[in-house]
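Note sheet for the following structure.
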Amino acid sequence: MKTKLYTLASLVLAAGIFSFMPAPAKQYADLTVNTEKSRVDWVGSKKSDFHTGIVPIKSGTVAVAGGKLTGGKFVMDLSGLKVTDAAGDRLGGHLKSAEILDVAKFPEAVFEITTVKYTSENAATITGNLTFHGTTLPVSFSANIRNSDDKGFFAQAFFGMDRTLFGVKYGVGAVSNDVQLAIHLFAK
């Protein structure tokens, strides 16, 4: 009888102690992309020169669970594309024209993450669907995950994208098919 009483008292004591302990921290978070800090840098080249610019991120979210990126989606504002070299607005207007990007018809590009495979603590291969210029194709690239928790997220990726796969055929043969991209994504 004493054993049952001690067992019951121990259970009541344990329940009392645990009732005053803080709840465990949330293990997942949906974070909103910081559009002021996030952007896509691009470099396009031709036989005798190259041009640089940025595409702003319009909106997005990333999903984080257990300190790891698990998914997300972000929208790039192609109508906000800027050329950052001396060609400036003149080239920017040409890139936005119906002859190349046709931003009047396709003002946004959207990337939605389908899988994330970590290759090390801070590096992952990200695969998803990119909708650009009216075409959706799977895209995969390596990313450096600088921070990933329920308070914030920062990652960078550097890779080339063949524009002709998405129907952007202007200047083939004179202008490189590959556009080099650097994605800088911040979320809170």
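By order of appearance in the structure tokens: chains A, B, ..., then residues from 1 within every chain, and ligands from 1 in the order shown.
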Exercise. Could you give me, as a ChimeraX atom specification, the residues within 12 Å of Phe111 (chain A), counting only C-alpha atoms and dropping anything in the same chain fewer than 3 positions from it?
Key: /A:40,57-62,71-77,108,114,126-132,135-140,183
I need the residues from that last selection saved to file as an mmCIF file, in the first residue's frame (with N, CA and C atoms), if you can.
```
data_model
loop_
_atom_site.group_PDB
_atom_site.id
_atom_site.type_symbol
_atom_site.label_atom_id
_atom_site.label_comp_id
_atom_site.auth_asym_id
_atom_site.auth_seq_id
_atom_site.Cartn_x
_atom_site.Cartn_y
_atom_site.Cartn_z
ATOM 1 N N VAL A 40 17.331 39.596 -56.743
ATOM 2 C CA VAL A 40 18.058 38.725 -57.662
ATOM 3 C C VAL A 40 18.989 39.616 -58.476
ATOM 4 N N ILE A 57 12.490 41.351 -55.472
ATOM 5 C CA ILE A 57 11.555 40.318 -55.011
ATOM 6 C C ILE A 57 10.298 41.053 -54.563
ATOM 7 N N LYS A 58 9.161 40.652 -55.110
ATOM 8 C CA LYS A 58 7.890 41.320 -54.830
ATOM 9 C C LYS A 58 7.210 40.789 -53.575
ATOM 10 N N SER A 59 7.283 39.463 -53.369
ATOM 11 C CA SER A 59 6.641 38.845 -52.210
ATOM 12 C C SER A 59 7.176 37.423 -52.065
ATOM 13 N N GLY A 60 6.845 36.807 -50.936
ATOM 14 C CA GLY A 60 7.233 35.416 -50.762
ATOM 15 C C GLY A 60 7.191 34.962 -49.328
ATOM 16 N N THR A 61 7.293 33.662 -49.163
ATOM 17 C CA THR A 61 7.385 33.040 -47.842
ATOM 18 C C THR A 61 8.380 31.895 -47.925
ATOM 19 N N VAL A 62 8.978 31.571 -46.788
ATOM 20 C CA VAL A 62 9.799 30.370 -46.670
ATOM 21 C C VAL A 62 9.314 29.593 -45.460
ATOM 22 N N GLY A 71 10.630 24.529 -47.475
ATOM 23 C CA GLY A 71 9.820 24.904 -48.630
ATOM 24 C C GLY A 71 9.712 26.401 -48.748
ATOM 25 N N GLY A 72 8.946 26.832 -49.729
ATOM 26 C CA GLY A 72 8.731 28.257 -49.897
ATOM 27 C C GLY A 72 8.349 28.615 -51.311
ATOM 28 N N LYS A 73 8.098 29.891 -51.482
ATOM 29 C CA LYS A 73 7.698 30.417 -52.783
ATOM 30 C C LYS A 73 8.004 31.906 -52.774
ATOM 31 N N PHE A 74 8.562 32.410 -53.892
ATOM 32 C CA PHE A 74 8.749 33.850 -53.982
ATOM 33 C C PHE A 74 8.489 34.339 -55.399
ATOM 34 N N VAL A 75 8.072 35.613 -55.466
ATOM 35 C CA VAL A 75 7.674 36.247 -56.714
ATOM 36 C C VAL A 75 8.676 37.359 -57.037
ATOM 37 N N MET A 76 9.212 37.308 -58.261
ATOM 38 C CA MET A 76 10.147 38.328 -58.730
ATOM 39 C C MET A 76 9.402 39.326 -59.612
ATOM 40 N N ASP A 77 9.666 40.599 -59.414
ATOM 41 C CA ASP A 77 8.998 41.678 -60.133
ATOM 42 C C ASP A 77 9.809 42.062 -61.371
ATOM 43 N N GLU A 108 5.829 39.120 -63.935
ATOM 44 C CA GLU A 108 6.403 38.429 -62.773
ATOM 45 C C GLU A 108 7.005 37.088 -63.182
ATOM 46 N N THR A 114 10.033 22.723 -54.315
ATOM 47 C CA THR A 114 9.375 21.419 -54.185
ATOM 48 C C THR A 114 10.160 20.482 -53.276
ATOM 49 N N ILE A 126 18.395 22.890 -53.825
ATOM 50 C CA ILE A 126 16.991 23.292 -53.837
ATOM 51 C C ILE A 126 16.427 23.020 -55.223
ATOM 52 N N THR A 127 15.299 22.349 -55.260
ATOM 53 C CA THR A 127 14.618 22.059 -56.514
ATOM 54 C C THR A 127 13.220 22.652 -56.435
ATOM 55 N N GLY A 128 12.775 23.189 -57.553
ATOM 56 C CA GLY A 128 11.444 23.771 -57.583
ATOM 57 C C GLY A 128 11.006 24.036 -58.993
ATOM 58 N N ASN A 129 9.867 24.677 -59.114
ATOM 59 C CA ASN A 129 9.305 25.027 -60.412
ATOM 60 C C ASN A 129 9.410 26.531 -60.602
ATOM 61 N N LEU A 130 10.048 26.920 -61.714
ATOM 62 C CA LEU A 130 10.176 28.332 -62.061
ATOM 63 C C LEU A 130 9.212 28.638 -63.193
ATOM 64 N N THR A 131 8.332 29.606 -62.964
ATOM 65 C CA THR A 131 7.447 30.098 -64.010
ATOM 66 C C THR A 131 8.001 31.440 -64.453
ATOM 67 N N PHE A 132 8.452 31.480 -65.710
ATOM 68 C CA PHE A 132 9.115 32.657 -66.264
ATOM 69 C C PHE A 132 8.737 32.773 -67.733
ATOM 70 N N THR A 135 6.314 30.151 -69.181
ATOM 71 C CA THR A 135 6.718 28.741 -69.195
ATOM 72 C C THR A 135 7.104 28.323 -67.786
ATOM 73 N N THR A 136 6.663 27.131 -67.371
ATOM 74 C CA THR A 136 7.041 26.583 -66.073
ATOM 75 C C THR A 136 7.932 25.367 -66.293
ATOM 76 N N LEU A 137 9.123 25.402 -65.700
ATOM 77 C CA LEU A 137 10.085 24.303 -65.812
ATOM 78 C C LEU A 137 10.705 24.021 -64.451
ATOM 79 N N PRO A 138 11.140 22.764 -64.229
ATOM 80 C CA PRO A 138 11.859 22.470 -62.991
ATOM 81 C C PRO A 138 13.262 23.074 -63.044
ATOM 82 N N VAL A 139 13.692 23.617 -61.922
ATOM 83 C CA VAL A 139 15.013 24.224 -61.798
ATOM 84 C C VAL A 139 15.620 23.713 -60.502
ATOM 85 N N SER A 140 16.921 23.408 -60.533
ATOM 86 C CA SER A 140 17.628 22.935 -59.351
ATOM 87 C C SER A 140 18.945 23.700 -59.228
ATOM 88 N N ILE A 183 20.887 34.956 -56.121
ATOM 89 C CA ILE A 183 19.674 35.199 -55.337
ATOM 90 C C ILE A 183 20.068 35.448 -53.887
#
```
Quiz prompt | Exercise: Ala182 (chain A) partners within 10 Å, only C-alpha atoms, chain neighbours under 6 positions left out, as JSON, numbers by chain | solution = {"A": [39, 40, 41, 42, 43, 54, 143, 156, 157, 158, 159, 160]}
Practice problem: Choose the residue, out of A:Thr32, A:Ala98, A:Pro56, A:Lys46, that has the smallest atom-to-atom separation from His184 (chain A); count only C-alpha atoms. | Solution: A:Pro56
Quiz prompt | Polymer residues at most 8 Å from Thr125 (chain A), only C-alpha atoms, same-chain spacing of 3 or more positions, as a list in words | solution =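 Answer for this query is Val116, Lys117, Tyr118, Thr119, Ser140, Phe141, Ser142 and Ala143 of chain A.
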Could the residues in this selection be written to a file with N, CA, C and O atoms, as a JSON list (two decimals), in the first residue's frame?
```
[["chain", "number", "residue", "atom", "x", "y", "z"],
["A", 116, "VAL", "N", 14.03, 20.19, -50.77],
["A", 116, "VAL", "CA", 15.28, 20.74, -50.25],
["A", 116, "VAL", "C", 16.08, 19.56, -49.71],
["A", 116, "VAL", "O", 15.60, 18.84, -48.83],
["A", 117, "LYS", "N", 17.28, 19.35, -50.25],
["A", 117, "LYS", "CA", 18.16, 18.27, -49.77],
["A", 117, "LYS", "C", 19.44, 18.89, -49.26],
["A", 117, "LYS", "O", 20.22, 19.45, -50.03],
["A", 118, "TYR", "N", 19.63, 18.82, -47.95],
["A", 118, "TYR", "CA", 20.84, 19.37, -47.35],
["A", 118, "TYR", "C", 22.03, 18.49, -47.71],
["A", 118, "TYR", "O", 21.98, 17.27, -47.59],
["A", 119, "THR", "N", 23.12, 19.13, -48.15],
["A", 119, "THR", "CA", 24.36, 18.43, -48.47],
["A", 119, "THR", "C", 25.40, 18.63, -47.37],
["A", 119, "THR", "O", 26.38, 17.91, -47.30],
["A", 140, "SER", "N", 16.92, 23.41, -60.53],
["A", 140, "SER", "CA", 17.63, 22.93, -59.35],
["A", 140, "SER", "C", 18.94, 23.70, -59.23],
["A", 140, "SER", "O", 19.60, 23.96, -60.23],
["A", 141, "PHE", "N", 19.31, 24.07, -58.00],
["A", 141, "PHE", "CA", 20.55, 24.79, -57.78],
["A", 141, "PHE", "C", 21.02, 24.58, -56.35],
["A", 141, "PHE", "O", 20.26, 24.19, -55.47],
["A", 142, "SER", "N", 22.30, 24.86, -56.13],
["A", 142, "SER", "CA", 22.88, 24.78, -54.78],
["A", 142, "SER", "C", 22.71, 26.13, -54.10],
["A", 142, "SER", "O", 22.83, 27.18, -54.74],
["A", 143, "ALA", "N", 22.45, 26.09, -52.80],
["A", 143, "ALA", "CA", 22.27, 27.32, -52.03],
["A", 143, "ALA", "C", 23.08, 27.25, -50.75],
["A", 143, "ALA", "O", 23.27, 26.17, -50.18]]
```
Exercise. Please indicate the distance in Å from CA of Phe186 (chain A) to CA of Gly167 (chain A), rounded to one decimal place.
Key: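 Value for the CA of Phe186 (chain A)-CA of Gly167 (chain A) distance: 29.5 Å.
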Quiz item: So which bits of region 27-84 of chain A end up strand (DSSP E) when you DSSP the backbone, as an NGL selection string?
Solution: :A and (28-32 or 39-46 or 49-65 or 68-77 or 82-83)
What are the closest atom pairs, with distances in Å to one decimal, for each residue of region 70-122 of chain A lying within 10 Å of region 168-172 of chain A, using only C-alpha atoms, rows by chain and rising residue number, as a Markdown table?
```
| residue | atom | partner | partner_atom | distance |
| --- | --- | --- | --- | --- |
| A:Leu95 | CA | A:Tyr170 | CA | 9.7 |
| A:Glu99 | CA | A:Tyr170 | CA | 6.9 |
| A:Ile100 | CA | A:Tyr170 | CA | 5.9 |
| A:Leu101 | CA | A:Val168 | CA | 6.8 |
| A:Asp102 | CA | A:Val168 | CA | 9.4 |
```
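Nearest to Gly44 (chain A) of all the residues A:His94, A:Asp178, A:Gly134, A:Lys68 is A:Asp178, based on only C-alpha atoms.
CA of Leu31 (chain A) to CA of Val55 (chain A) spans 20.9 Å [interatomic distance, one decimal].
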Exercise. Go through region 54-168 of chain A and collect every residue that DSSP, computed from the backbone, puts in helix (DSSP H, G or I); the answer should be as a ChimeraX atom specification.
Key: /A:78-80,88-96,163-166
Output N, CA, C and O atoms for every residue in that selection, as a tab-separated table (two decimals), in the first residue's frame.
```
chain	number	residue	atom	x	y	z
A	78	LEU	N	9.53	41.41	-62.51
A	78	LEU	CA	10.28	41.68	-63.73
A	78	LEU	C	10.04	43.10	-64.25
A	78	LEU	O	10.91	43.69	-64.88
A	79	SER	N	8.88	43.67	-63.95
A	79	SER	CA	8.61	45.04	-64.38
A	79	SER	C	9.50	46.03	-63.62
A	79	SER	O	9.72	47.15	-64.07
A	80	GLY	N	10.06	45.60	-62.49
A	80	GLY	CA	10.97	46.44	-61.71
A	80	GLY	C	12.43	46.19	-62.04
A	80	GLY	O	13.32	46.74	-61.37
A	88	GLY	N	22.18	51.43	-68.38
A	88	GLY	CA	21.04	51.95	-67.62
A	88	GLY	C	19.66	51.77	-68.21
A	88	GLY	O	19.29	50.70	-68.69
A	89	ASP	N	18.88	52.86	-68.17
A	89	ASP	CA	17.47	52.83	-68.56
A	89	ASP	C	17.26	52.46	-70.03
A	89	ASP	O	16.25	51.85	-70.38
A	90	ARG	N	18.21	52.84	-70.89
A	90	ARG	CA	18.07	52.51	-72.32
A	90	ARG	C	18.01	51.00	-72.50
A	90	ARG	O	17.08	50.47	-73.11
A	91	LEU	N	18.96	50.27	-71.93
A	91	LEU	CA	18.95	48.81	-72.02
A	91	LEU	C	17.79	48.23	-71.22
A	91	LEU	O	17.15	47.28	-71.65
A	92	GLY	N	17.50	48.80	-70.06
A	92	GLY	CA	16.38	48.33	-69.25
A	92	GLY	C	15.07	48.34	-70.01
A	92	GLY	O	14.30	47.37	-69.99
A	93	GLY	N	14.81	49.42	-70.73
A	93	GLY	CA	13.60	49.51	-71.54
A	93	GLY	C	13.59	48.45	-72.65
A	93	GLY	O	12.55	47.86	-72.94
A	94	HIS	N	14.75	48.23	-73.26
A	94	HIS	CA	14.84	47.21	-74.32
A	94	HIS	C	14.59	45.81	-73.74
A	94	HIS	O	13.85	45.02	-74.34
A	95	LEU	N	15.17	45.51	-72.58
A	95	LEU	CA	14.98	44.19	-71.97
A	95	LEU	C	13.51	43.95	-71.61
A	95	LEU	O	13.00	42.84	-71.72
A	96	LYS	N	12.82	45.01	-71.18
A	96	LYS	CA	11.41	44.88	-70.79
A	96	LYS	C	10.46	44.82	-71.99
A	96	LYS	O	9.30	44.45	-71.84
A	163	ARG	N	18.07	31.03	-70.69
A	163	ARG	CA	16.86	31.81	-71.00
A	163	ARG	C	16.07	31.24	-72.16
A	163	ARG	O	14.85	31.38	-72.22
A	164	THR	N	16.77	30.57	-73.10
A	164	THR	CA	16.08	30.07	-74.29
A	164	THR	C	15.11	28.94	-73.95
A	164	THR	O	14.15	28.73	-74.68
A	165	LEU	N	15.36	28.21	-72.86
A	165	LEU	CA	14.42	27.16	-72.44
A	165	LEU	C	13.05	27.73	-72.08
A	165	LEU	O	12.05	27.01	-72.11
A	166	PHE	N	13.03	29.01	-71.73
A	166	PHE	CA	11.78	29.69	-71.35
A	166	PHE	C	11.23	30.53	-72.50
A	166	PHE	O	10.32	31.34	-72.30
```
Practice problem: Please provide as a ChimeraX atom specification all residues within 10 Å of Lys151 (chain A), with the sequence filter that same-chain residues fewer than 5 positions apart are discarded (counting only C-alpha atoms). | Solution: /A:29-31,64,67,187-188
